[in-house]
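*Asks:* First the structure, then my questions, so here it is.
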Amino acid sequence: MPSSPVASRLVLVAESDPVAQRHLASLLANLGYEPVVTGSVAESLAALRHNRFLLSLVDLNLDGANGTELLRHLNVQGGSPGAIIVIANGGSIRRMPEVAALGADDVLQKPFTPEDLENAIKSAIARPSRAWGQEPQDDRGRRLQQELDLWQSPEMREVREIIRQAARADVTVLICGETGTGKDLVARAIHEFGVRKAGPFVKVNCAAVPRELLESELFGHERGAFTGAHQLKLGKFESADHGTIFLDEIGDLHPALQGKLLHVLQDGQFSRVGGRSTIKVDVRVLAATNQNLEQAVAAGRFRDDLYYRLNVVQIVVPALRERPEEIPLLAQYFVERYAKLFQQAGFKLPSETVQRLMRYRYPGNVRELENIIKRMLVLGDSLVARSPWPGELANGRHDSAPAPAKVQISLKNISRKAALAAERQAILDALEQTRWNRMRAAKLLNISYRALLYKIKDAGLIQDRQSSSPA
């Protein structure tokens, strides 16, 4: 059945209680909308395959269990639900942080009046329309710029400048930093402000997908490639064609897949699992890690040639404890962002809470600060901040664990390392193309034979070739 054209008044009602179904359908019809009522996750997904909706009302107790399951399916499978308004009772309101993370636009708490429903719908449809899982491009860029503007410390201003330079050059970027520092934001900013802005942005968490499934996730598989492969599946690299793929937690990539990823980085070609044909894509690769990849290379856990391919430009994101002047700005930003969703309009942070937020060391970095603010809003009480936090003593001070050494970020050093890495890769490409005929490689690179010999030695390529040669 083909998808129908956009129905400007079509509303999905995902509600399993028959009484509530009839009530919502009646209210929506009286407001001039066309309700499509579903009673389960499966029915809702079927309706979404064949229709495009102005908005969707999702009861968190759908199927008598958890309506967030439908939101998760939408995040994976896509669809056109329009704006998402979740309906919650007193018990399910505790799941609001999870719902917010899945992209809900607003929440209606039972019991609600017809006027509450009408106001929520008007507010939702007044926003620019968006495809599920992403904001409109202009709105997305505005949100990114708003978050980048919160970076007021000298360290983060320099990171912001490196992002703008890296966005202009279509090269691989390695983003390093502790968990929760904002590496995902850096990657999205590089894409949004770069030459591939109009293309897709595809994220893969290499640590979250089981090893035996990650190859299929990245490169796809053919029908019958393995038990359970009932149909052809496109991989993330194909989905990211003419756009950007963001490989998060790249340090956890299994060695068996590191070689295949290196091959894709070299020539943009790969084969699906179980496939014989070669697929070529045009993709920019961004990678992130909270590990020290240089140590992983030295220990033999990470391929050195893959590391050099990824590390053309490196961006190191400092921990939040190293930029405390940004904490009040970030806290207020999260309050403004989530107050309406958690029905806490007008919520304010007391000065003593702000001071405590400033003193805290944040082992979970910006993500932990965001979760602390969400917890305050969900419970409707900013004084929840008085409860002990990890690593904090009862008197509000912190344990005496020494602070980690501050990462020094030098734009000049980063540019120099990027240039050396790019030069090394260009020489290696020329040597491989000429089968290590150094005279021909020198002509290809338009440099003298003597200069090439010096650069080969300086880049350590002689050792690389010897170590890779068969015994």
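Chain identifiers are assigned as A, B, and so on, following the order in which chains appear in the structure tokens; residues are numbered from 1 within each chain, and ligands are numbered from 1 in order of appearance.
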Identify all residues of range 120-201 of chain A in strand (DSSP E or B) (DSSP on the backbone) and supply them as a ChimeraX atom specification.
*Replies:* /A:173-176,201
*Asks:* Could you save those same residues with C-alpha atoms as a tab-separated table (two decimals), in the first residue's frame?
*Replies:*
chain	number	residue	atom	x	y	z
A	173	VAL	CA	38.50	14.22	12.60
A	174	LEU	CA	39.27	12.39	15.85
A	175	ILE	CA	37.44	13.82	18.87
A	176	CYS	CA	38.93	12.94	22.26
A	201	PHE	CA	24.40	12.65	9.70
*Asks:* What's the 10 Å shell around Gln152 in chain A, counting only C-alpha atoms, without same-chain residues fewer than 6 positions away, as a JSON list (two decimals) with all heavy atoms, in the first residue's frame?
*Replies:*
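This is the output file part.json:
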[["chain", "number", "residue", "atom", "x", "y", "z"],
["A", 158, "GLU", "N", 38.77, 27.94, 22.08],
["A", 158, "GLU", "CA", 39.74, 27.43, 21.11],
["A", 158, "GLU", "C", 39.20, 26.18, 20.42],
["A", 158, "GLU", "O", 39.39, 26.00, 19.22],
["A", 158, "GLU", "CB", 41.06, 27.12, 21.81],
["A", 158, "GLU", "CG", 42.18, 26.83, 20.84],
["A", 158, "GLU", "CD", 43.56, 27.03, 21.46],
["A", 158, "GLU", "OE1", 43.64, 27.35, 22.66],
["A", 158, "GLU", "OE2", 44.54, 26.86, 20.73],
["A", 160, "ARG", "N", 36.09, 25.64, 19.82],
["A", 160, "ARG", "CA", 35.10, 26.16, 18.88],
["A", 160, "ARG", "C", 35.76, 26.66, 17.61],
["A", 160, "ARG", "O", 35.25, 26.45, 16.50],
["A", 160, "ARG", "CB", 34.30, 27.28, 19.56],
["A", 160, "ARG", "CG", 33.09, 27.75, 18.77],
["A", 160, "ARG", "CD", 32.20, 28.60, 19.65],
["A", 160, "ARG", "NE", 32.90, 29.73, 20.23],
["A", 160, "ARG", "CZ", 32.47, 30.42, 21.27],
["A", 160, "ARG", "NH1", 31.34, 30.09, 21.86],
["A", 160, "ARG", "NH2", 33.16, 31.44, 21.73],
["A", 323, "ARG", "N", 36.50, 23.81, 33.34],
["A", 323, "ARG", "CA", 35.88, 25.04, 32.82],
["A", 323, "ARG", "C", 34.65, 25.40, 33.66],
["A", 323, "ARG", "O", 33.53, 25.48, 33.16],
["A", 323, "ARG", "CB", 35.52, 24.87, 31.35],
["A", 323, "ARG", "CG", 34.95, 23.49, 30.99],
["A", 323, "ARG", "CD", 34.79, 23.32, 29.50],
["A", 323, "ARG", "NE", 34.42, 21.98, 29.12],
["A", 323, "ARG", "CZ", 33.25, 21.61, 28.58],
["A", 323, "ARG", "NH1", 32.31, 22.52, 28.36],
["A", 323, "ARG", "NH2", 33.02, 20.37, 28.25],
["A", 324, "PRO", "N", 34.86, 25.62, 34.97],
["A", 324, "PRO", "CA", 33.73, 25.83, 35.88],
["A", 324, "PRO", "C", 32.91, 27.08, 35.57],
["A", 324, "PRO", "O", 31.75, 27.17, 35.96],
["A", 324, "PRO", "CB", 34.40, 25.94, 37.26],
["A", 324, "PRO", "CG", 35.82, 26.35, 36.96],
["A", 324, "PRO", "CD", 36.16, 25.69, 35.67],
["A", 325, "GLU", "N", 33.50, 28.06, 34.88],
["A", 325, "GLU", "CA", 32.75, 29.28, 34.57],
["A", 325, "GLU", "C", 31.56, 29.01, 33.65],
["A", 325, "GLU", "O", 30.66, 29.85, 33.53],
["A", 325, "GLU", "CB", 33.67, 30.33, 33.94],
["A", 325, "GLU", "CG", 34.34, 29.90, 32.64],
["A", 325, "GLU", "CD", 35.72, 29.31, 32.84],
["A", 325, "GLU", "OE1", 35.87, 28.43, 33.71],
["A", 325, "GLU", "OE2", 36.65, 29.71, 32.11],
["A", 326, "GLU", "N", 31.53, 27.86, 33.00],
["A", 326, "GLU", "CA", 30.43, 27.52, 32.10],
["A", 326, "GLU", "C", 29.27, 26.83, 32.81],
["A", 326, "GLU", "O", 28.19, 26.68, 32.24],
["A", 326, "GLU", "CB", 30.94, 26.64, 30.96],
["A", 326, "GLU", "CG", 31.94, 27.34, 30.06],
["A", 326, "GLU", "CD", 32.52, 26.42, 29.00],
["A", 326, "GLU", "OE1", 32.07, 25.26, 28.91],
["A", 326, "GLU", "OE2", 33.42, 26.86, 28.26],
["A", 329, "LEU", "N", 25.90, 28.77, 33.17],
["A", 329, "LEU", "CA", 25.28, 28.95, 31.86],
["A", 329, "LEU", "C", 24.64, 27.65, 31.38],
["A", 329, "LEU", "O", 23.50, 27.65, 30.89],
["A", 329, "LEU", "CB", 26.33, 29.41, 30.85],
["A", 329, "LEU", "CG", 27.00, 30.77, 31.10],
["A", 329, "LEU", "CD1", 28.14, 30.98, 30.12],
["A", 329, "LEU", "CD2", 25.98, 31.89, 30.98]]
*Asks:* Calculated over only C-alpha atoms, which of the candidates A:Tyr33, A:Ser56, A:Leu150, A:Leu234 has the smallest distance to Asp105 in chain A?
*Replies:* A:Ser56
*Asks:* Can you tell me which residues surround Leu144 in chain A at a distance of at most 8 Å, considering only C-alpha atoms, apart from same-chain residues fewer than 5 positions away, and format the answer as an NGL selection string?
*Replies:* :A and (185 or 188-189)
*Asks:* Limited to all heavy atoms, could you put the picked residues into a file as a PDB file, in the first residue's frame?
*Replies:*
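Wrote it out as result-v1.pdb, contents follow:
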ATOM      1  N   LEU A 185      28.285  16.656  20.426  1.00  0.00           N
ATOM      2  CA  LEU A 185      27.990  18.020  19.989  1.00  0.00           C
ATOM      3  C   LEU A 185      29.053  18.531  19.023  1.00  0.00           C
ATOM      4  O   LEU A 185      28.740  19.182  18.022  1.00  0.00           O
ATOM      5  CB  LEU A 185      27.886  18.945  21.205  1.00  0.00           C
ATOM      6  CG  LEU A 185      27.697  20.439  20.927  1.00  0.00           C
ATOM      7  CD1 LEU A 185      26.399  20.697  20.186  1.00  0.00           C
ATOM      8  CD2 LEU A 185      27.727  21.233  22.236  1.00  0.00           C
ATOM      9  N   ARG A 188      28.443  16.894  15.605  1.00  0.00           N
ATOM     10  CA  ARG A 188      27.279  17.468  14.919  1.00  0.00           C
ATOM     11  C   ARG A 188      27.578  18.877  14.414  1.00  0.00           C
ATOM     12  O   ARG A 188      27.102  19.277  13.351  1.00  0.00           O
ATOM     13  CB  ARG A 188      26.068  17.460  15.853  1.00  0.00           C
ATOM     14  CG  ARG A 188      25.562  16.054  16.161  1.00  0.00           C
ATOM     15  CD  ARG A 188      24.343  16.061  17.066  1.00  0.00           C
ATOM     16  NE  ARG A 188      23.943  14.707  17.389  1.00  0.00           N
ATOM     17  CZ  ARG A 188      23.176  13.939  16.624  1.00  0.00           C
ATOM     18  NH1 ARG A 188      22.710  14.420  15.481  1.00  0.00           N
ATOM     19  NH2 ARG A 188      22.866  12.709  16.976  1.00  0.00           N
ATOM     20  N   ALA A 189      28.350  19.633  15.177  1.00  0.00           N
ATOM     21  CA  ALA A 189      28.696  20.986  14.741  1.00  0.00           C
ATOM     22  C   ALA A 189      29.584  20.954  13.498  1.00  0.00           C
ATOM     23  O   ALA A 189      29.404  21.751  12.573  1.00  0.00           O
ATOM     24  CB  ALA A 189      29.393  21.734  15.878  1.00  0.00           C
TER      25      ALA A 189
END
*Asks:* Write out as a PDB file with N, CA and C atoms, in the first residue's frame each polymer residue whose atoms come within 12 Å of Ala451 in chain A, counting only C-alpha atoms; drop sequence neighbours fewer than 5 positions from it.
*Replies:*
ATOM      1  N   ILE A 427      52.119  10.587   1.140  1.00  0.00           N
ATOM      2  CA  ILE A 427      53.318   9.858   0.716  1.00  0.00           C
ATOM      3  C   ILE A 427      53.027   8.361   0.656  1.00  0.00           C
ATOM      4  N   ARG A 438      60.112   4.474  -5.551  1.00  0.00           N
ATOM      5  CA  ARG A 438      60.270   5.800  -4.957  1.00  0.00           C
ATOM      6  C   ARG A 438      60.543   6.893  -5.997  1.00  0.00           C
ATOM      7  N   MET A 439      61.173   6.528  -7.111  1.00  0.00           N
ATOM      8  CA  MET A 439      61.409   7.514  -8.161  1.00  0.00           C
ATOM      9  C   MET A 439      60.081   7.979  -8.764  1.00  0.00           C
ATOM     10  N   ALA A 441      57.153   7.664  -7.339  1.00  0.00           N
ATOM     11  CA  ALA A 441      56.372   8.313  -6.285  1.00  0.00           C
ATOM     12  C   ALA A 441      56.780   9.772  -6.123  1.00  0.00           C
ATOM     13  N   ALA A 442      58.094  10.046  -6.226  1.00  0.00           N
ATOM     14  CA  ALA A 442      58.574  11.426  -6.118  1.00  0.00           C
ATOM     15  C   ALA A 442      58.001  12.286  -7.239  1.00  0.00           C
ATOM     16  N   LYS A 443      57.979  11.744  -8.471  1.00  0.00           N
ATOM     17  CA  LYS A 443      57.401  12.491  -9.586  1.00  0.00           C
ATOM     18  C   LYS A 443      55.911  12.724  -9.358  1.00  0.00           C
ATOM     19  N   LEU A 445      54.413  13.042  -6.566  1.00  0.00           N
ATOM     20  CA  LEU A 445      54.237  14.035  -5.502  1.00  0.00           C
ATOM     21  C   LEU A 445      54.843  15.391  -5.864  1.00  0.00           C
ATOM     22  N   ASN A 446      55.535  15.437  -7.008  1.00  0.00           N
ATOM     23  CA  ASN A 446      56.163  16.680  -7.475  1.00  0.00           C
ATOM     24  C   ASN A 446      57.204  17.194  -6.479  1.00  0.00           C
ATOM     25  N   ILE A 456      60.279   9.891   3.846  1.00  0.00           N
ATOM     26  CA  ILE A 456      59.932   8.500   4.154  1.00  0.00           C
ATOM     27  C   ILE A 456      60.558   8.092   5.488  1.00  0.00           C
ATOM     28  N   LYS A 457      61.840   8.450   5.656  1.00  0.00           N
ATOM     29  CA  LYS A 457      62.523   8.113   6.899  1.00  0.00           C
ATOM     30  C   LYS A 457      61.926   8.872   8.085  1.00  0.00           C
ATOM     31  N   ASP A 458      61.653  10.164   7.890  1.00  0.00           N
ATOM     32  CA  ASP A 458      61.117  10.993   8.967  1.00  0.00           C
ATOM     33  C   ASP A 458      59.734  10.519   9.411  1.00  0.00           C
TER      34      ASP A 458
END
*Asks:* Skipping near chain neighbours, those fewer than 3 positions away, what residues fall within 10 Å of Met376 in chain A using only C-alpha atoms, listed as a list of chain:residue names?
*Replies:* A:Val335, A:Ala339, A:Phe342, A:Gln344, A:Phe347, A:Leu349, A:Asn371, A:Ile372, A:Ile373, A:Leu379, A:Gly380, A:Asp381, A:Ser382, A:Leu383, A:Val384, A:Ala385
*Asks:* Can you work out the spacing between CA of Phe53 in chain A and CA of Gly82 in chain A in Å, to one decimal?
*Replies:* 5.4 Å
*Asks:* Excluding Ala240 in chain A and any residue of its chain fewer than 5 positions from it, enumerate the residues within 6 Å of it, using only C-alpha atoms, and give them as number ranges by chain.
*Replies:* A: 200, 202, 245
